[in-house]
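K.L.:
File upload-v5.cif follows (mmCIF, C-alpha atoms):
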```
data_target
#
loop_
_atom_site.label_atom_id
_atom_site.label_comp_id
_atom_site.auth_asym_id
_atom_site.auth_seq_id
_atom_site.Cartn_x
_atom_site.Cartn_y
_atom_site.Cartn_z
CA MET P 678 -8.73 -202.59 -183.70
CA ALA P 679 -9.63 -206.02 -185.06
CA PRO P 680 -11.44 -206.05 -188.40
CA GLY P 681 -14.49 -207.69 -186.87
CA ASN P 682 -15.02 -204.76 -184.52
CA HIS P 683 -15.87 -202.40 -187.39
CA GLY P 684 -18.80 -204.58 -188.40
CA SER P 685 -20.05 -204.90 -184.83
CA GLN P 686 -19.94 -201.13 -184.30
CA ALA P 687 -21.78 -200.25 -187.52
CA PRO P 688 -25.27 -201.25 -186.24
CA ARG P 689 -24.58 -199.39 -183.01
CA ARG P 690 -23.66 -196.20 -184.87
CA GLN P 691 -26.70 -196.55 -187.11
CA GLY P 692 -28.93 -197.04 -184.08
CA GLY P 693 -27.47 -193.91 -182.51
CA ARG P 694 -28.20 -191.89 -185.64
CA ILE P 695 -31.79 -193.12 -185.73
CA ALA P 696 -32.29 -192.28 -182.05
CA LEU P 697 -30.83 -188.81 -182.63
CA VAL P 698 -33.16 -188.16 -185.57
CA LEU P 699 -36.19 -189.28 -183.56
CA ALA P 700 -35.30 -187.33 -180.41
CA GLY P 701 -33.85 -184.28 -182.11
CA ILE P 702 -35.98 -183.87 -185.23
CA VAL P 703 -39.14 -185.98 -185.41
CA LEU P 704 -40.47 -185.43 -181.89
CA PRO P 705 -39.64 -181.70 -181.77
CA LEU P 706 -41.27 -181.11 -185.15
CA GLY P 707 -44.37 -182.93 -183.96
CA GLY P 708 -44.49 -180.75 -180.86
CA PHE P 709 -44.01 -177.56 -182.85
CA ALA P 710 -46.73 -178.57 -185.31
CA ALA P 711 -49.15 -179.05 -182.41
CA LEU P 712 -48.32 -175.58 -181.07
CA VAL P 713 -48.77 -174.01 -184.50
CA ASP P 714 -52.15 -175.71 -184.95
CA GLY P 715 -53.26 -174.25 -181.66
CA LEU P 716 -52.17 -170.75 -182.60
CA HIS P 717 -53.82 -170.94 -186.03
CA ASP P 718 -57.09 -172.00 -184.41
CA GLY P 719 -56.87 -169.08 -182.01
CA GLN P 720 -56.82 -171.37 -179.00
CA ALA P 721 -55.42 -170.31 -175.65
CA PHE P 722 -53.15 -173.09 -174.43
CA ALA P 723 -54.61 -174.33 -171.18
CA PHE P 724 -51.23 -174.68 -169.51
CA ASP P 725 -49.87 -171.20 -170.28
CA ILE P 726 -51.43 -168.99 -167.61
CA PRO P 727 -51.46 -171.56 -164.76
CA ILE P 728 -47.73 -172.20 -165.23
CA LEU P 729 -46.97 -168.48 -165.39
CA ARG P 730 -48.88 -167.89 -162.16
CA ALA P 731 -47.22 -170.83 -160.43
CA VAL P 732 -43.75 -169.57 -161.34
CA HIS P 733 -44.60 -166.01 -160.35
CA ALA P 734 -45.86 -167.24 -156.97
CA LEU P 735 -42.24 -168.08 -156.13
CA SER P 736 -41.04 -164.53 -156.69
CA ASN P 737 -38.83 -162.73 -154.20
CA SER P 738 -36.03 -160.18 -154.42
CA THR P 739 -33.29 -162.83 -154.48
CA LEU P 740 -34.86 -164.70 -157.37
CA ASP P 741 -35.53 -161.40 -159.12
CA HIS P 742 -31.82 -160.63 -159.24
CA ALA P 743 -30.83 -164.21 -160.05
CA PHE P 744 -33.19 -164.56 -163.01
CA LEU P 745 -32.30 -161.13 -164.36
CA VAL P 746 -28.71 -162.39 -164.55
CA VAL P 747 -29.76 -165.71 -166.09
CA THR P 748 -31.91 -164.04 -168.73
CA ALA P 749 -29.06 -161.67 -169.63
CA LEU P 750 -26.70 -164.64 -170.02
CA GLY P 751 -29.34 -166.41 -172.06
CA TYR P 752 -28.85 -164.08 -175.00
CA GLY P 753 -26.85 -160.89 -175.48
CA TRP P 754 -24.49 -161.18 -172.52
CA GLY P 755 -23.81 -164.90 -172.66
CA VAL P 756 -25.08 -167.01 -175.53
CA LEU P 757 -24.19 -164.68 -178.40
CA PRO P 758 -20.61 -164.03 -177.20
CA ALA P 759 -20.21 -167.78 -176.60
CA ASP P 760 -21.43 -168.42 -180.15
CA GLY P 761 -18.79 -166.05 -181.51
CA ILE P 762 -15.99 -167.53 -179.39
CA LEU P 763 -16.93 -171.07 -180.43
CA LEU P 764 -16.97 -170.19 -184.13
CA LEU P 765 -13.62 -168.40 -183.89
CA TRP P 766 -12.07 -171.35 -182.05
CA LEU P 767 -13.32 -173.86 -184.62
CA ALA P 768 -11.95 -171.72 -187.45
CA TRP P 769 -8.64 -171.09 -185.66
CA THR P 770 -8.06 -174.78 -185.00
CA GLY P 771 -8.80 -175.74 -188.60
CA ARG P 772 -11.98 -177.74 -187.93
CA ALA P 773 -13.64 -176.73 -191.19
CA ARG P 774 -16.62 -179.10 -191.17
CA GLU P 775 -17.39 -178.37 -187.52
CA ALA P 776 -17.15 -174.62 -188.20
CA VAL P 777 -19.57 -174.91 -191.11
CA PHE P 778 -22.01 -176.92 -188.98
CA ALA P 779 -21.89 -174.46 -186.07
CA SER P 780 -22.13 -171.40 -188.32
CA VAL P 781 -25.15 -172.65 -190.27
CA ALA P 782 -26.86 -173.87 -187.10
CA ILE P 783 -26.38 -170.63 -185.16
CA VAL P 784 -27.03 -168.10 -187.93
CA GLY P 785 -29.92 -170.14 -189.30
CA ALA P 786 -31.55 -170.34 -185.87
CA LEU P 787 -31.40 -166.56 -185.50
CA ALA P 788 -33.02 -166.12 -188.92
CA LEU P 789 -35.71 -168.71 -188.15
CA ASP P 790 -36.53 -166.97 -184.87
CA LEU P 791 -37.13 -163.64 -186.62
CA ALA P 792 -39.11 -165.23 -189.45
CA ILE P 793 -41.42 -167.21 -187.17
CA LYS P 794 -41.92 -164.26 -184.82
CA HIS P 795 -43.15 -162.06 -187.66
CA ALA P 796 -45.20 -164.87 -189.19
CA PHE P 797 -47.29 -165.31 -186.02
CA ALA P 798 -46.97 -161.84 -184.47
CA ARG P 799 -48.05 -163.10 -181.06
CA GLY P 800 -48.14 -160.49 -178.32
CA ARG P 801 -46.29 -160.99 -175.08
CA PRO P 802 -48.08 -161.88 -171.84
CA SER P 803 -48.78 -159.14 -169.33
CA PRO P 804 -49.94 -160.95 -166.19
CA TRP P 805 -48.12 -158.59 -163.82
CA ALA P 806 -45.70 -155.68 -163.78
CA ALA P 807 -42.67 -157.20 -165.44
CA LEU P 808 -39.14 -156.39 -164.29
CA VAL P 809 -38.03 -156.23 -167.92
CA HIS P 810 -39.94 -154.84 -170.89
CA GLU P 811 -39.51 -156.09 -174.44
CA SER P 812 -41.36 -154.95 -177.53
CA SER P 813 -40.67 -157.79 -179.97
CA TYR P 814 -43.13 -160.60 -180.65
CA SER P 815 -43.45 -163.49 -178.22
CA PHE P 816 -43.63 -166.71 -180.30
CA PRO P 817 -41.14 -168.38 -180.26
CA SER P 818 -38.86 -167.30 -177.43
CA GLY P 819 -35.58 -166.04 -178.88
CA HIS P 820 -33.80 -166.76 -175.61
CA ALA P 821 -35.09 -170.35 -175.57
CA MET P 822 -34.09 -170.81 -179.21
CA ALA P 823 -30.62 -169.30 -178.87
CA SER P 824 -29.74 -171.20 -175.70
CA MET P 825 -31.05 -174.50 -177.08
CA THR P 826 -29.15 -173.95 -180.32
CA LEU P 827 -25.88 -173.40 -178.49
CA ALA P 828 -26.54 -176.36 -176.20
CA TRP P 829 -27.18 -178.72 -179.12
CA VAL P 830 -24.14 -177.45 -181.02
CA VAL P 831 -21.86 -177.96 -178.02
CA ALA P 832 -23.31 -181.39 -177.21
CA LEU P 833 -23.10 -182.62 -180.79
CA LEU P 834 -19.55 -181.35 -181.20
CA CYS P 835 -18.59 -183.16 -178.00
CA TRP P 836 -19.95 -186.42 -179.37
CA SER P 837 -18.94 -186.27 -183.02
CA GLY P 838 -16.46 -184.84 -185.50
CA SER P 839 -12.87 -183.84 -184.82
CA THR P 840 -13.93 -182.10 -181.59
CA ARG P 841 -15.13 -185.37 -180.06
CA VAL P 842 -13.90 -185.58 -176.48
CA GLY P 843 -13.65 -188.20 -173.77
CA TRP P 844 -16.44 -189.44 -171.55
CA THR P 845 -15.23 -187.34 -168.61
CA ILE P 846 -16.06 -184.20 -170.61
CA ARG P 847 -18.95 -185.30 -172.82
CA TRP P 848 -21.52 -185.97 -170.14
CA PRO P 849 -20.71 -182.98 -167.87
CA ALA P 850 -20.79 -180.66 -170.91
CA THR P 851 -24.07 -182.10 -172.13
CA LEU P 852 -25.74 -181.98 -168.71
CA ALA P 853 -24.47 -178.45 -168.03
CA ALA P 854 -25.83 -177.30 -171.39
CA ALA P 855 -29.22 -178.87 -170.66
CA ALA P 856 -29.38 -177.26 -167.20
CA PHE P 857 -28.52 -173.87 -168.69
CA VAL P 858 -31.28 -174.17 -171.30
CA LEU P 859 -33.81 -175.03 -168.59
CA LEU P 860 -32.73 -172.11 -166.40
CA VAL P 861 -32.98 -169.66 -169.28
CA GLY P 862 -36.47 -170.90 -170.10
CA VAL P 863 -37.60 -170.59 -166.48
CA SER P 864 -36.12 -167.08 -166.28
CA ARG P 865 -38.29 -165.93 -169.20
CA LEU P 866 -41.39 -167.31 -167.49
CA TYR P 867 -40.42 -165.87 -164.10
CA LEU P 868 -39.97 -162.41 -165.59
CA GLY P 869 -43.34 -162.65 -167.34
CA LEU P 870 -41.85 -162.16 -170.80
CA HIS P 871 -43.07 -165.36 -172.45
CA TYR P 872 -45.80 -167.94 -172.33
CA PRO P 873 -44.65 -171.52 -171.66
CA SER P 874 -45.77 -172.36 -175.22
CA ASP P 875 -43.30 -169.74 -176.50
CA ILE P 876 -40.49 -171.51 -174.64
CA LEU P 877 -41.54 -174.92 -175.97
CA ALA P 878 -41.68 -173.53 -179.50
CA GLY P 879 -38.16 -172.13 -179.20
CA TRP P 880 -36.81 -175.41 -177.89
CA THR P 881 -38.50 -177.56 -180.52
CA VAL P 882 -37.56 -175.39 -183.50
CA ALA P 883 -33.95 -175.09 -182.35
CA SER P 884 -33.67 -178.84 -181.75
CA ALA P 885 -35.09 -179.81 -185.13
CA TRP P 886 -32.98 -177.23 -186.95
CA VAL P 887 -29.62 -177.96 -185.32
CA VAL P 888 -29.94 -181.74 -185.48
CA SER P 889 -31.01 -181.51 -189.12
CA VAL P 890 -27.98 -179.38 -189.96
CA HIS P 891 -25.75 -181.82 -188.09
CA ALA P 892 -27.24 -184.82 -189.91
CA ILE P 893 -26.54 -183.19 -193.27
CA THR P 894 -23.08 -181.89 -192.39
CA PHE P 895 -21.84 -185.14 -190.87
CA ARG P 896 -23.82 -187.55 -193.04
CA PRO P 897 -21.97 -190.79 -193.84
CA TRP P 898 -20.66 -190.82 -197.37
CA ARG P 899 -18.54 -193.03 -199.54
CA ALA P 900 -16.10 -191.94 -202.17
CA PRO P 901 -17.14 -192.94 -205.70
CA PRO P 902 -15.49 -196.14 -206.93
CA PRO P 903 -12.52 -195.72 -209.26
CA PRO P 904 -13.19 -195.96 -212.97
CA GLY P 905 -13.56 -199.55 -214.08
CA ALA P 906 -14.14 -200.88 -210.57
CA GLY P 907 -16.46 -203.85 -210.46
CA THR P 908 -16.09 -204.62 -214.15
CA GLY P 909 -14.36 -207.69 -215.42
#
```
What is this structure when it is put down as structure tokens?
P.N.:
Amino acid sequence: MAPGNHGSQAPRRQGGRIALVLAGIVLPLGGFAALVDGLHDGQAFAFDIPILRAVHALSNSTLDHAFLVVTALGYGWGVLPADGILLLWLAWTGRAREAVFASVAIVGALALDLAIKHAFARGRPSPWAALVHESSYSFPSGHAMASMTLAWVVALLCWSGSTRVGWTIRWPATLAAAAFVLLVGVSRLYLGLHYPSDILAGWTVASAWVVSVHAITFRPWRAPPPPGAGTG
């Protein structure tokens, strides 16, 4: 690569980092703060019940079975095993920095989910006889958080670090991850297990957390100058 190309790519990389921080940290944190303000004020979010009813209006036996499978894959039967496989693969292939990033992002997201759930202690919706019953708190959605965490980790690994892959894999992997996150979120609404605001909270917290961990883990750094450098 010609020396001049490094200089021309530097602003592009910097612009990409800024865009990532805005889309992955600043905007999600703003959205989560708005949700928290609403909960603290005891407000009922105007969009929660109408969206739940609209999704439930689509219910039929085929969708029942489909979304039961999706919701199972969205946590214990899919996301958590995938998390473990990804971490083992990163460790096995010697990608130390990527393994640290993924480990902190995944384990930290699980801890944040539990902490926020107990901090707000929001009850689950009960608009109809649900196909699945869960006793834990509702805000934020653990399924939304776990699936979004995995999606961000996979997407960021595809685009940065030693796991960076070609364009033919990056975009399909990123789009597939986004579609999976959306399906998991819809499945929780369809089954009547979460309010839409719970899903949004899970997505925003996971996004801000994972992108923050990535920014710290892969931050640009320069080695300190050798002793005596710059003196004359």
K.L.:
Have a look at P:Ala853, P:Ala734, P:Ile846, P:Pro817 and name the one nearest to Leu712 in chain P; count only C-alpha atoms.
P.N.:
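Looking only at the distances to Leu712 in chain P, the closest residue turns out to be P:Pro817.
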K.L.:
With distances taken over all atoms listed in the file, which residue among P:Ile702, P:Met822, P:Val842, P:Val887 lies nearest Gly751 in chain P?
P.N.:
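Counting all atoms listed in the file, the residue closest to Gly751 in chain P is P:Met822.
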K.L.:
Given the point (-27.9, -174.2, -185.2) in the coordinates of this file, which residues lie within 9 Å, counting all atoms listed in the file, and how would they look as a list in words?
P.N.:
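Residues close enough to count: Phe778, Ala779, Ser780, Val781, Ala782, Ile783, Val784, Gly785, Ala786, Leu787, Ala823, Met825, Thr826, Leu827, Trp829, Val830, Ala883, Ser884, Trp886, Val887, Val888, Ser889, Val890 and His891 of chain P.
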K.L.:
Once the PyMOL selection byres ((chain P and resi 861-865) around 10) is applied to the coordinates I shared, what remains selected? I want it as a ChimeraX atom specification.
P.N.:
/P:729,732,740-741,743-752,809,818,820-825,856-860,866-873,875-877,879-880
K.L.:
Select, from P:Gly701, P:Gly761, P:Pro849, P:Pro802, the residue with the minimum atom-to-atom distance to Val882 in chain P, counting all atoms listed in the file.
P.N.:
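Once distances to Val882 in chain P are computed over all atoms listed in the file, the minimum belongs to P:Gly701.
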K.L.:
Separation of CA of Phe816 in chain P and CA of Phe797 in chain P, in Å?
P.N.:
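Calculated distance between CA of Phe816 in chain P and CA of Phe797 in chain P is 6.9 Å.
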